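The file entry26.txt contains compact mmCIF, C-alpha atoms:
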```
# COMPACT_ATOMS: atom_id res chain seq x y z
CA MET A 986 0.83 27.78 6.11
CA SER A 987 3.84 26.57 4.19
CA ASP A 988 4.06 26.79 0.42
CA PRO A 989 3.46 23.21 -0.76
CA ASN A 990 6.05 23.52 -3.46
CA THR A 991 9.12 25.00 -1.81
CA VAL A 992 12.23 23.32 -0.51
CA LEU A 993 14.87 25.04 1.58
CA CYS A 994 18.21 23.45 0.86
CA VAL A 995 20.69 23.93 3.72
CA ASP A 996 24.32 23.00 3.15
CA ASP A 997 27.60 24.85 3.52
CA SER A 998 28.78 23.39 0.22
CA ARG A 999 27.61 25.37 -2.80
CA VAL A 1000 28.28 22.29 -4.96
CA VAL A 1001 25.93 20.13 -2.90
CA ARG A 1002 23.23 22.84 -2.87
CA LYS A 1003 23.49 23.08 -6.63
CA ALA A 1004 23.26 19.28 -7.10
CA ALA A 1005 20.21 19.11 -4.84
CA ARG A 1006 18.61 22.11 -6.56
CA ARG A 1007 18.97 20.42 -9.94
CA ILE A 1008 17.15 17.28 -8.75
CA LEU A 1009 14.43 19.20 -6.89
CA GLU A 1010 13.71 21.69 -9.67
CA ARG A 1011 13.33 18.84 -12.14
CA HIS A 1012 10.42 17.65 -9.96
CA GLY A 1013 8.86 21.11 -10.05
CA PHE A 1014 9.90 22.36 -6.61
CA SER A 1015 11.02 25.92 -6.10
CA VAL A 1016 14.27 25.90 -4.19
CA ARG A 1017 15.74 28.37 -1.74
CA GLU A 1018 19.21 27.95 -0.27
CA ALA A 1019 20.88 28.62 3.07
CA GLU A 1020 24.51 27.98 3.98
CA ASN A 1021 24.10 27.27 7.69
CA GLY A 1022 21.50 26.60 10.35
CA LEU A 1023 21.11 30.21 11.44
CA ALA A 1024 20.50 31.45 7.90
CA ALA A 1025 18.03 28.55 7.50
CA LEU A 1026 16.13 29.54 10.65
CA GLU A 1027 15.83 33.10 9.38
CA ALA A 1028 14.64 31.81 6.02
CA CYS A 1029 11.93 29.73 7.76
CA ARG A 1030 10.80 32.75 9.78
CA ALA A 1031 10.53 34.78 6.59
CA GLU A 1032 8.60 32.10 4.69
CA MET A 1033 7.97 28.53 5.77
CA PRO A 1034 9.04 25.97 3.17
CA ARG A 1035 7.30 22.60 2.76
CA LEU A 1036 10.58 20.71 3.18
CA VAL A 1037 14.00 21.50 4.60
CA MET A 1038 16.80 19.40 3.15
CA LEU A 1039 19.40 19.67 5.87
CA ASP A 1040 23.13 19.05 6.14
CA TRP A 1041 24.45 18.25 9.63
CA ASN A 1042 27.98 19.64 9.86
CA MET A 1043 28.04 23.35 9.09
CA PRO A 1044 29.70 26.43 10.58
CA VAL A 1045 27.80 29.03 12.70
CA MET A 1046 24.85 26.72 13.51
CA ASP A 1047 24.87 23.03 12.64
CA GLY A 1048 21.96 21.00 11.35
CA MET A 1049 21.02 19.43 14.70
CA GLU A 1050 21.01 22.78 16.52
CA PHE A 1051 18.85 24.15 13.73
CA LEU A 1052 16.44 21.19 13.92
CA VAL A 1053 15.99 21.54 17.68
CA ALA A 1054 15.48 25.31 17.41
CA LEU A 1055 13.08 24.90 14.49
CA ARG A 1056 10.86 22.37 16.26
CA ALA A 1057 10.93 24.45 19.48
CA GLU A 1058 9.80 27.55 17.63
CA PHE A 1059 7.33 26.13 15.11
CA GLY A 1060 6.18 22.80 16.61
CA PRO A 1061 6.55 19.26 15.34
CA ARG A 1062 4.40 19.33 12.19
CA GLU A 1063 5.95 21.69 9.72
CA PRO A 1064 8.13 21.95 7.84
CA LEU A 1065 9.17 18.43 6.90
CA VAL A 1066 12.88 17.95 7.56
CA MET A 1067 15.11 15.54 5.68
CA LEU A 1068 18.71 15.25 6.82
CA CYS A 1069 21.23 14.88 4.01
CA THR A 1070 24.64 14.31 5.53
CA THR A 1071 27.79 12.22 5.63
CA GLU A 1072 26.87 11.33 9.24
CA SER A 1073 25.93 7.68 8.77
CA GLU A 1074 26.23 6.19 12.27
CA PHE A 1075 23.13 4.39 13.52
CA ASP A 1076 23.06 6.45 16.73
CA ARG A 1077 23.28 9.74 14.84
CA ILE A 1078 20.31 8.76 12.66
CA VAL A 1079 18.28 7.79 15.73
CA LEU A 1080 19.23 11.10 17.39
CA ALA A 1081 18.06 13.08 14.35
CA LEU A 1082 14.76 11.17 14.26
CA GLY A 1083 14.34 11.77 18.00
CA ASN A 1084 14.82 15.49 17.40
CA GLY A 1085 12.05 15.52 14.83
CA ALA A 1086 13.63 14.68 11.47
CA ASN A 1087 11.17 13.05 9.04
CA GLU A 1088 13.64 11.45 6.66
CA TYR A 1089 17.36 10.90 6.41
CA ILE A 1090 19.76 10.59 3.51
CA MET A 1091 23.31 9.37 4.05
CA LYS A 1092 25.60 11.07 1.55
CA PRO A 1093 26.58 10.48 -1.13
CA PHE A 1094 23.11 10.70 -2.64
CA ASP A 1095 21.86 10.39 -6.18
CA ASP A 1096 18.67 11.29 -8.01
CA GLY A 1097 17.13 7.87 -7.29
CA ILE A 1098 17.58 8.13 -3.54
CA VAL A 1099 16.32 11.73 -3.30
CA THR A 1100 13.32 11.00 -5.53
CA GLY A 1101 12.44 7.87 -3.55
CA LYS A 1102 12.56 9.79 -0.27
CA LEU A 1103 10.34 12.56 -1.70
CA VAL A 1104 7.81 9.85 -2.61
CA GLN A 1105 7.97 8.44 0.92
CA LEU A 1106 7.40 11.91 2.36
CA GLY A 1107 4.29 12.23 0.20
CA LEU A 1108 5.72 15.14 -1.77
CA LEU A 1109 5.82 13.23 -5.06
CA GLU A 1110 3.67 10.58 -6.70
CA GLU A 1111 5.45 7.34 -7.41
CA ALA A 1112 6.43 7.14 -11.07
CA GLU A 1113 4.53 4.54 -13.08
CA PRO A 1114 6.87 1.73 -14.13
CA MET B 1023 41.80 9.26 -10.03
CA ASN B 1024 44.42 8.25 -12.58
CA ALA B 1025 43.68 6.14 -15.67
CA GLU B 1026 45.67 3.22 -14.36
CA GLY B 1027 43.69 3.11 -11.11
CA PHE B 1028 40.40 3.22 -12.99
CA ALA B 1029 41.51 0.48 -15.40
CA SER B 1030 42.54 -1.82 -12.58
CA ILE B 1031 39.26 -1.44 -10.66
CA ALA B 1032 37.28 -1.87 -13.92
CA ALA B 1033 39.25 -5.05 -14.73
CA LEU B 1034 38.55 -6.48 -11.30
CA VAL B 1035 34.80 -5.82 -11.58
CA LYS B 1036 34.65 -7.30 -15.08
CA ALA B 1037 36.50 -10.46 -14.00
CA ARG B 1038 34.18 -10.98 -11.04
CA SER B 1039 30.80 -9.98 -12.49
CA GLY B 1040 31.03 -9.64 -16.27
CA ILE B 1041 29.93 -6.02 -15.98
CA VAL B 1042 31.86 -3.54 -18.09
CA LEU B 1043 32.68 -0.14 -16.62
CA THR B 1044 33.51 2.43 -19.28
CA PRO B 1045 35.61 5.49 -18.34
CA ASP B 1046 32.50 7.72 -18.34
CA LYS B 1047 31.39 5.75 -15.24
CA GLU B 1048 34.13 7.28 -13.11
CA TYR B 1049 31.52 9.38 -11.25
CA MET B 1050 29.84 6.12 -10.28
CA LEU B 1051 33.04 4.83 -8.73
CA GLU B 1052 33.21 7.97 -6.61
CA THR B 1053 29.54 7.75 -5.58
CA ARG B 1054 29.44 4.06 -4.84
CA LEU B 1055 32.88 3.53 -3.34
CA THR B 1056 33.08 6.50 -0.96
CA PRO B 1057 31.46 4.55 1.92
CA ILE B 1058 34.08 1.80 1.48
CA LEU B 1059 36.94 4.32 1.43
CA LYS B 1060 35.57 5.81 4.63
CA ALA B 1061 35.12 2.45 6.37
CA GLU B 1062 38.53 1.16 5.32
CA LYS B 1063 40.24 4.50 5.98
CA ILE B 1064 41.66 4.66 2.47
CA ALA B 1065 42.42 8.18 1.24
CA ASP B 1066 41.17 7.96 -2.35
CA LEU B 1067 40.30 5.71 -5.27
CA ASP B 1068 43.92 5.39 -6.36
CA GLY B 1069 44.75 4.16 -2.88
CA LEU B 1070 41.91 1.66 -3.17
CA ALA B 1071 43.18 0.41 -6.55
CA LEU B 1072 46.57 -0.13 -4.97
CA ARG B 1073 45.12 -2.06 -2.02
CA LEU B 1074 43.16 -4.29 -4.40
CA ARG B 1075 46.38 -5.49 -6.05
CA ASP B 1076 47.07 -7.48 -2.91
CA PRO B 1077 45.67 -10.98 -3.54
CA ARG B 1078 44.74 -11.17 0.16
CA ALA B 1079 42.25 -8.32 -0.28
CA GLU B 1080 39.47 -10.79 -1.18
CA SER B 1081 36.74 -9.34 1.02
CA LEU B 1082 37.59 -5.82 -0.11
CA ALA B 1083 37.46 -6.93 -3.77
CA ARG B 1084 34.07 -8.49 -3.15
CA ALA B 1085 32.73 -5.36 -1.45
CA VAL B 1086 33.94 -3.17 -4.32
CA THR B 1087 32.36 -5.47 -6.93
CA GLU B 1088 29.06 -5.54 -5.08
CA ALA B 1089 29.01 -1.77 -4.68
CA LEU B 1090 29.53 -1.34 -8.42
CA THR B 1091 27.14 -4.00 -9.69
CA THR B 1092 24.09 -2.93 -7.70
CA ASN B 1093 21.09 -3.72 -9.85
CA GLU B 1094 17.93 -1.70 -9.93
CA SER B 1095 16.32 -3.65 -7.12
CA SER B 1096 14.95 -1.53 -4.31
CA PHE B 1097 12.87 -2.02 -1.18
CA PHE B 1098 9.10 -1.73 -1.63
CA ARG B 1099 9.63 -1.39 -5.38
CA ASP B 1100 6.44 0.01 -6.99
CA GLY B 1101 4.65 0.47 -3.66
CA LYS B 1102 1.18 -0.71 -4.80
CA PRO B 1103 1.70 -4.50 -4.50
CA PHE B 1104 2.81 -3.98 -0.90
CA ASP B 1105 -0.25 -1.85 -0.15
CA HIS B 1106 -2.36 -4.69 -1.55
CA LEU B 1107 -0.38 -7.23 0.47
CA ARG B 1108 -1.12 -5.29 3.68
CA ARG B 1109 -4.83 -5.54 2.90
CA ILE B 1110 -4.98 -9.15 1.71
CA VAL B 1111 -2.88 -10.93 4.35
CA PRO B 1112 -5.30 -10.43 7.27
CA LYS B 1113 -8.21 -11.63 5.06
CA MET B 1114 -6.20 -14.62 3.91
CA LEU B 1115 -5.23 -15.64 7.43
CA ALA B 1116 -8.83 -15.28 8.60
CA ALA B 1117 -9.82 -17.82 5.94
CA ARG B 1118 -7.20 -20.36 7.08
CA PRO B 1119 -7.02 -22.66 10.10
CA ALA B 1120 -5.28 -21.25 13.19
CA GLY B 1121 -1.54 -21.93 13.10
CA HIS B 1122 -1.37 -21.81 9.31
CA LYS B 1123 2.11 -20.88 8.15
CA LEU B 1124 1.80 -18.18 5.52
CA ARG B 1125 4.04 -19.01 2.54
CA VAL B 1126 5.26 -16.33 0.15
CA TRP B 1127 7.48 -16.95 -2.87
CA SER B 1128 9.70 -14.18 -4.15
CA ALA B 1129 10.57 -15.58 -7.58
CA ALA B 1130 13.70 -14.04 -9.12
CA CYS B 1131 14.45 -12.42 -5.81
CA SER B 1132 17.78 -10.86 -6.80
CA THR B 1133 19.56 -9.63 -3.66
CA GLY B 1134 16.47 -10.03 -1.49
CA GLN B 1135 14.96 -6.53 -1.24
CA GLU B 1136 11.52 -7.83 -2.24
CA ALA B 1137 11.62 -10.75 0.21
CA TYR B 1138 12.76 -8.52 3.08
CA SER B 1139 10.10 -5.93 2.16
CA VAL B 1140 7.49 -8.69 2.47
CA ALA B 1141 9.02 -9.72 5.80
CA MET B 1142 8.72 -6.12 7.06
CA VAL B 1143 5.08 -5.89 5.96
CA LEU B 1144 4.26 -9.16 7.75
CA SER B 1145 6.18 -8.07 10.82
CA GLU B 1146 4.25 -4.77 10.94
CA LEU B 1147 1.03 -6.80 10.70
CA GLY B 1148 2.15 -8.94 13.64
CA VAL B 1149 2.45 -12.06 11.47
CA ARG B 1150 5.45 -14.09 12.64
CA HIS B 1151 4.45 -17.56 11.49
CA ALA B 1152 5.50 -17.17 7.87
CA GLU B 1153 8.03 -18.39 5.37
CA ILE B 1154 9.25 -16.09 2.65
CA PHE B 1155 11.02 -18.18 0.07
CA GLY B 1156 13.32 -16.27 -2.29
CA THR B 1157 14.77 -17.89 -5.38
CA ASP B 1158 17.10 -16.67 -8.08
CA LEU B 1159 19.13 -18.15 -10.88
CA SER B 1160 22.31 -16.47 -9.70
CA ARG B 1161 24.20 -18.10 -6.86
CA ASP B 1162 25.93 -14.83 -5.98
CA VAL B 1163 22.76 -12.86 -5.44
CA VAL B 1164 21.18 -15.73 -3.51
CA GLU B 1165 24.15 -15.76 -1.15
CA ARG B 1166 23.87 -12.03 -0.71
CA ALA B 1167 20.13 -12.25 -0.09
CA ARG B 1168 20.73 -14.95 2.51
CA GLU B 1169 23.26 -12.73 4.32
CA GLY B 1170 20.73 -9.94 4.37
CA VAL B 1171 23.47 -7.34 4.04
CA PHE B 1172 23.01 -4.21 1.97
CA THR B 1173 25.30 -1.35 1.01
CA GLN B 1174 24.55 2.15 2.26
CA PHE B 1175 23.39 2.93 -1.25
CA GLU B 1176 21.00 -0.05 -1.44
CA VAL B 1177 19.54 0.36 2.02
CA GLN B 1178 18.36 3.88 1.17
CA ARG B 1179 16.53 2.90 -2.00
CA GLY B 1180 12.82 2.63 -1.28
CA LEU B 1181 13.23 2.07 2.45
CA PRO B 1182 11.81 4.78 4.76
CA VAL B 1183 14.39 5.72 7.40
CA GLN B 1184 12.11 4.67 10.28
CA MET B 1185 11.93 1.17 8.79
CA MET B 1186 15.67 1.18 8.23
CA VAL B 1187 16.51 1.86 11.89
CA LYS B 1188 13.84 -0.59 13.03
CA TYR B 1189 14.79 -3.52 10.82
CA PHE B 1190 18.48 -3.06 9.98
CA ARG B 1191 21.69 -2.87 11.98
CA GLN B 1192 24.87 -1.20 10.88
CA GLU B 1193 28.02 -3.25 10.28
CA ALA B 1194 30.84 -0.93 9.20
CA ALA B 1195 29.66 0.63 5.93
CA ARG B 1196 26.86 -1.88 5.44
CA TRP B 1197 23.45 -2.66 6.90
CA ARG B 1198 22.18 -6.10 7.90
CA ALA B 1199 18.56 -7.19 8.31
CA VAL B 1200 17.71 -7.99 11.95
CA PRO B 1201 17.43 -11.70 12.96
CA GLU B 1202 13.64 -11.40 13.21
CA LEU B 1203 13.44 -10.70 9.46
CA ARG B 1204 16.08 -13.22 8.51
CA ALA B 1205 14.27 -15.95 10.47
CA MET B 1206 11.24 -15.47 8.21
CA THR B 1207 13.20 -15.75 4.98
CA ARG B 1208 14.86 -18.60 3.13
CA PHE B 1209 16.80 -18.27 -0.11
CA GLU B 1210 17.65 -20.88 -2.70
CA GLU B 1211 19.31 -21.02 -6.08
CA ARG B 1212 16.59 -22.03 -8.54
CA ASN B 1213 15.81 -21.77 -12.24
CA LEU B 1214 12.26 -20.52 -12.94
CA LEU B 1215 12.06 -23.00 -15.81
CA SER B 1216 12.61 -26.03 -13.57
CA ASP B 1217 10.02 -28.28 -11.93
CA HIS B 1218 8.56 -26.54 -8.87
CA ARG B 1219 6.13 -29.21 -7.72
CA MET B 1220 8.19 -30.28 -4.72
CA LEU B 1221 8.07 -26.74 -3.33
CA GLY B 1222 4.51 -27.18 -2.16
CA ARG B 1223 1.78 -24.58 -2.05
CA PHE B 1224 2.22 -20.83 -1.70
CA ASP B 1225 -0.34 -18.31 -0.52
CA ILE B 1226 1.33 -15.48 -2.38
CA VAL B 1227 3.78 -15.34 -5.28
CA PHE B 1228 5.78 -12.33 -6.40
CA CYS B 1229 7.19 -12.65 -9.91
CA ARG B 1230 7.89 -9.12 -11.01
CA ASN B 1231 9.91 -7.76 -13.87
CA VAL B 1232 11.42 -11.11 -14.81
CA LEU B 1233 9.02 -12.39 -17.51
CA ILE B 1234 10.19 -9.52 -19.70
CA TYR B 1235 13.39 -11.48 -20.32
CA PHE B 1236 11.50 -14.51 -21.76
CA ASP B 1237 9.77 -15.19 -25.10
CA PRO B 1238 5.94 -15.66 -25.03
CA PRO B 1239 5.93 -19.50 -24.91
CA THR B 1240 8.38 -19.44 -22.01
CA LYS B 1241 6.36 -16.74 -20.23
CA GLY B 1242 3.29 -18.96 -20.52
CA ARG B 1243 5.15 -21.99 -19.24
CA VAL B 1244 6.54 -20.12 -16.23
CA LEU B 1245 3.15 -18.56 -15.40
CA ASN B 1246 1.46 -21.98 -15.57
CA ALA B 1247 4.11 -23.56 -13.37
CA LEU B 1248 3.85 -20.77 -10.76
CA ALA B 1249 0.04 -20.84 -10.88
CA ALA B 1250 0.16 -24.57 -10.18
CA GLN B 1251 1.85 -23.86 -6.83
CA LEU B 1252 -0.58 -21.10 -5.87
CA ALA B 1253 -3.35 -21.62 -3.31
CA GLY B 1254 -6.87 -21.48 -4.74
CA ASP B 1255 -7.47 -18.12 -3.06
CA GLY B 1256 -3.86 -17.01 -3.43
CA VAL B 1257 -2.57 -14.00 -5.31
CA MET B 1258 0.31 -13.42 -7.69
CA TYR B 1259 2.00 -10.09 -8.26
CA LEU B 1260 3.50 -9.27 -11.65
CA GLY B 1261 5.43 -6.18 -12.72
CA GLY B 1262 3.38 -3.11 -13.68
CA ALA B 1263 4.15 -3.54 -17.39
CA GLU B 1264 3.53 -7.31 -17.42
CA THR B 1265 0.35 -9.19 -18.29
CA VAL B 1266 -1.02 -12.74 -18.44
CA LEU B 1267 -3.19 -12.01 -21.49
CA GLY B 1268 -2.59 -14.54 -24.25
CA LEU B 1269 -0.01 -16.34 -22.11
CA THR B 1270 -2.05 -18.45 -19.68
CA ASP B 1271 -5.69 -19.02 -18.85
CA ARG B 1272 -4.90 -20.19 -15.33
CA LEU B 1273 -4.58 -16.63 -14.01
CA GLY B 1274 -6.66 -13.53 -14.34
CA ALA B 1275 -6.25 -9.92 -13.24
CA LEU B 1276 -8.06 -8.89 -10.07
CA PRO B 1277 -10.49 -6.13 -11.02
CA GLY B 1278 -9.51 -2.68 -9.83
CA GLU B 1279 -5.93 -3.65 -8.98
CA ARG B 1280 -2.81 -3.17 -11.01
CA GLY B 1281 -0.44 -6.11 -11.32
CA VAL B 1282 -2.45 -8.44 -9.02
CA TYR B 1283 -3.56 -11.81 -10.39
CA ALA B 1284 -5.52 -14.73 -9.01
CA PRO B 1285 -6.29 -18.29 -10.13
CA ALA B 1286 -8.88 -18.13 -12.90
CA ALA B 1287 -11.24 -20.69 -11.32
CA LEU B 1288 -11.68 -18.50 -8.25
CA ARG B 1289 -12.45 -15.45 -10.34
CA ALA B 1290 -15.06 -17.36 -12.32
CA GLY B 1291 -16.60 -18.56 -9.05
CA ALA B 1292 -16.52 -15.10 -7.51
CA ALA B 1293 -17.93 -13.35 -10.57
```
Output the file's structure in the form of structure tokens.
Amino acid sequence: MSDPNTVLCVDDSRVVRKAARRILERHGFSVREAENGLAALEACRAEMPRLVMLDWNMPVMDGMEFLVALRAEFGPREPLVMLCTTESEFDRIVLALGNGANEYIMKPFDDGIVTGKLVQLGLLEEAEP
Amino acid sequence: MNAEGFASIAALVKARSGIVLTPDKEYMLETRLTPILKAEKIADLDGLALRLRDPRAESLARAVTEALTTNESSFFRDGKPFDHLRRIVPKMLAARPAGHKLRVWSAACSTGQEAYSVAMVLSELGVRHAEIFGTDLSRDVVERAREGVFTQFEVQRGLPVQMMVKYFRQEAARWRAVPELRAMTRFEERNLLSDHRMLGRFDIVFCRNVLIYFDPPTKGRVLNALAAQLAGDGVMYLGGAETVLGLTDRLGALPGERGVYAPAALRAGAA
């Protein structure tokens, strides 16, 4: 069972991880960080998060290799995986979805986009207008 | 970026849209313009400012203005009306003769996100025989809605990625609605205060978050005029913070729903 309130934020940029952490913590999530796919895989083995927010291009193990390995090891259901990357080509998005990604953010992102995607993933209630 | 570059982009946006960008909005330039820099292979914002000095850079100037004047419109804004729409459309069609063309009015449609959201809902329901009519006061936004083209920033707001890849195609740094959606939509410049009688009857009207800009007598007038075009068993969606109370007696809230209204006569009959 995954902790319903944890997000693993995977990005080789400390700045991006920090920006994402700020948004996620404001919504009450507890955030762990990993700087590449391999570290992320180890983090999932140690404790499964509810959501992995995943960069694509990273050293050691990239986001797609991580995603394929993750789904092979733990099956298709958990954790939820949301790409968050500068890769914005149609074919790349389709590839990520085919490999089991649940959502996809094309960088640059802002609070509104991240929050909206968390609502779509069922992790947040929609704010009352 | 340097102050001169910022000032020249800000001046361009103000001249084209009236929107004022103060220097504290520099982060917004970086966020919103990065996809354009990437697509146009321009190194940085100063390089972009330089390119924009060329009077032939019209389409680039337009793209920059659009990226910086994005309003708050998003796809499937306040999800509940669209959940209700999914439930009501099959019932509505069952009550109409075969071959009925479902007509939906997106009043004050802005750049079209609401109209295209409706088109996606209908498409998912297998309803093809429909006309979604979007109107707005601003010619610019109507033209944009008609093109069905959205920036990378806009296309991510409210739109689940599976819907995005199903209903939009990438064109450089932007995303265009597929022909199937565009065939269901029609957009026209129109003032909400004008005479709508020649538009005919609509099954469904969306008029969300626009009444807030009017005084109470005008709100009442607009609501009456929209209600007059609504089918007897039609529904109207208003913004979550909007109401018809004290403004019109032609519409009443549907019990148990938020922001959904129906012609008052039907409610009295149904009660």
Q: Give the residues of chain A that lie within 7 Å of chain B; count all atoms listed in the file, and format the answer as a list in words.
A: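 That gives Phe1075, Glu1088, Tyr1089, Pro1093, Ile1098, Gly1101, Gln1105 and Pro1114 of chain A for chain A.
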Q: Write out as JSON, numbers by chain which residues come within 12 Å of Glu1027 of chain A when counting all atoms listed in the file, dropping same-chain ones fewer than 3 positions away.
A: {"A": [993, 995, 1018, 1019, 1020, 1021, 1022, 1023, 1024, 1030, 1031, 1032, 1033, 1034, 1046, 1051, 1054, 1055, 1058]}
Q: Kindly indicate which residue among B:Val1126, B:Ala1284, B:Leu1233, B:Cys1131 lies nearest to Val1163 of chain B, using all atoms listed in the file for the distances.
A: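 Under the stated criterion, the closest residue is B:Cys1131.
The space separating atom CA of Ser1095 of chain B from atom CA of Leu1159 of chain B comes to 15.2 Å.
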Q: Using all atoms listed in the file, find all polymer residues with an atom at most 10 Å away from the point (3.3, -21.2, -12.9); report them as a PyMOL selection string.
A: chain B and resi 1214-1215+1217-1219+1227+1229+1241-1252+1258+1270+1272-1273
Export: segment 1060-1078 of chain A, N, CA, C and O atoms, as a PDB file, in the first residue's frame:
```
ATOM      1  N   GLY A1060       3.824  -3.371 -11.389  1.00  0.00           N
ATOM      2  CA  GLY A1060       2.515  -3.445 -12.050  1.00  0.00           C
ATOM      3  C   GLY A1060       1.990  -2.069 -12.446  1.00  0.00           C
ATOM      4  O   GLY A1060       2.591  -1.052 -12.130  1.00  0.00           O
ATOM      5  N   PRO A1061       0.838  -2.069 -13.130  1.00  0.00           N
ATOM      6  CA  PRO A1061       0.362  -0.848 -13.762  1.00  0.00           C
ATOM      7  C   PRO A1061      -0.364   0.120 -12.831  1.00  0.00           C
ATOM      8  O   PRO A1061      -0.587   1.263 -13.193  1.00  0.00           O
ATOM      9  N   ARG A1062      -0.764  -0.319 -11.630  1.00  0.00           N
ATOM     10  CA  ARG A1062      -1.701   0.494 -10.855  1.00  0.00           C
ATOM     11  C   ARG A1062      -1.053   1.567 -10.007  1.00  0.00           C
ATOM     12  O   ARG A1062      -1.515   2.690  -9.953  1.00  0.00           O
ATOM     13  N   GLU A1063      -0.017   1.195  -9.289  1.00  0.00           N
ATOM     14  CA  GLU A1063       0.587   2.203  -8.428  1.00  0.00           C
ATOM     15  C   GLU A1063       2.097   2.156  -8.542  1.00  0.00           C
ATOM     16  O   GLU A1063       2.649   1.116  -8.875  1.00  0.00           O
ATOM     17  N   PRO A1064       2.719   3.320  -8.355  1.00  0.00           N
ATOM     18  CA  PRO A1064       2.127   4.610  -8.018  1.00  0.00           C
ATOM     19  C   PRO A1064       1.614   5.319  -9.281  1.00  0.00           C
ATOM     20  O   PRO A1064       1.891   4.853 -10.390  1.00  0.00           O
ATOM     21  N   LEU A1065       0.870   6.413  -9.088  1.00  0.00           N
ATOM     22  CA  LEU A1065       0.549   7.282 -10.209  1.00  0.00           C
ATOM     23  C   LEU A1065       1.836   7.953 -10.670  1.00  0.00           C
ATOM     24  O   LEU A1065       2.699   8.262  -9.857  1.00  0.00           O
ATOM     25  N   VAL A1066       1.969   8.129 -11.984  1.00  0.00           N
ATOM     26  CA  VAL A1066       3.168   8.784 -12.509  1.00  0.00           C
ATOM     27  C   VAL A1066       2.757   9.955 -13.403  1.00  0.00           C
ATOM     28  O   VAL A1066       1.946   9.800 -14.319  1.00  0.00           O
ATOM     29  N   MET A1067       3.305  11.111 -13.088  1.00  0.00           N
ATOM     30  CA  MET A1067       3.052  12.305 -13.891  1.00  0.00           C
ATOM     31  C   MET A1067       4.392  12.839 -14.412  1.00  0.00           C
ATOM     32  O   MET A1067       5.233  13.276 -13.623  1.00  0.00           O
ATOM     33  N   LEU A1068       4.571  12.752 -15.730  1.00  0.00           N
ATOM     34  CA  LEU A1068       5.776  13.321 -16.317  1.00  0.00           C
ATOM     35  C   LEU A1068       5.767  14.839 -16.136  1.00  0.00           C
ATOM     36  O   LEU A1068       4.702  15.454 -16.130  1.00  0.00           O
ATOM     37  N   CYS A1069       6.929  15.415 -15.996  1.00  0.00           N
ATOM     38  CA  CYS A1069       7.035  16.869 -15.888  1.00  0.00           C
ATOM     39  C   CYS A1069       8.351  17.218 -16.562  1.00  0.00           C
ATOM     40  O   CYS A1069       9.415  17.100 -15.962  1.00  0.00           O
ATOM     41  N   THR A1070       8.293  17.587 -17.840  1.00  0.00           N
ATOM     42  CA  THR A1070       9.499  17.604 -18.667  1.00  0.00           C
ATOM     43  C   THR A1070       9.419  18.643 -19.778  1.00  0.00           C
ATOM     44  O   THR A1070       8.329  19.073 -20.158  1.00  0.00           O
ATOM     45  N   THR A1071      10.577  19.020 -20.294  1.00  0.00           N
ATOM     46  CA  THR A1071      10.588  19.925 -21.451  1.00  0.00           C
ATOM     47  C   THR A1071      10.278  19.174 -22.747  1.00  0.00           C
ATOM     48  O   THR A1071      10.061  19.788 -23.774  1.00  0.00           O
ATOM     49  N   GLU A1072      10.250  17.825 -22.688  1.00  0.00           N
ATOM     50  CA  GLU A1072       9.869  17.051 -23.875  1.00  0.00           C
ATOM     51  C   GLU A1072       8.404  17.362 -24.190  1.00  0.00           C
ATOM     52  O   GLU A1072       7.517  17.041 -23.422  1.00  0.00           O
ATOM     53  N   SER A1073       8.155  18.014 -25.328  1.00  0.00           N
ATOM     54  CA  SER A1073       6.780  18.432 -25.598  1.00  0.00           C
ATOM     55  C   SER A1073       6.283  17.957 -26.965  1.00  0.00           C
ATOM     56  O   SER A1073       5.260  18.403 -27.447  1.00  0.00           O
ATOM     57  N   GLU A1074       7.041  17.022 -27.587  1.00  0.00           N
ATOM     58  CA  GLU A1074       6.600  16.483 -28.870  1.00  0.00           C
ATOM     59  C   GLU A1074       5.449  15.506 -28.661  1.00  0.00           C
ATOM     60  O   GLU A1074       5.466  14.693 -27.732  1.00  0.00           O
ATOM     61  N   PHE A1075       4.483  15.598 -29.565  1.00  0.00           N
ATOM     62  CA  PHE A1075       3.300  14.726 -29.517  1.00  0.00           C
ATOM     63  C   PHE A1075       3.697  13.258 -29.329  1.00  0.00           C
ATOM     64  O   PHE A1075       3.181  12.558 -28.464  1.00  0.00           O
ATOM     65  N   ASP A1076       4.646  12.801 -30.147  1.00  0.00           N
ATOM     66  CA  ASP A1076       5.034  11.386 -30.109  1.00  0.00           C
ATOM     67  C   ASP A1076       5.648  10.971 -28.770  1.00  0.00           C
ATOM     68  O   ASP A1076       5.487   9.833 -28.327  1.00  0.00           O
ATOM     69  N   ARG A1077       6.374  11.909 -28.166  1.00  0.00           N
ATOM     70  CA  ARG A1077       6.986  11.610 -26.867  1.00  0.00           C
ATOM     71  C   ARG A1077       5.909  11.448 -25.804  1.00  0.00           C
ATOM     72  O   ARG A1077       6.005  10.566 -24.942  1.00  0.00           O
ATOM     73  N   ILE A1078       4.884  12.301 -25.873  1.00  0.00           N
ATOM     74  CA  ILE A1078       3.784  12.230 -24.901  1.00  0.00           C
ATOM     75  C   ILE A1078       3.054  10.896 -25.052  1.00  0.00           C
ATOM     76  O   ILE A1078       2.776  10.203 -24.065  1.00  0.00           O
TER      77      ILE A1078
END
```
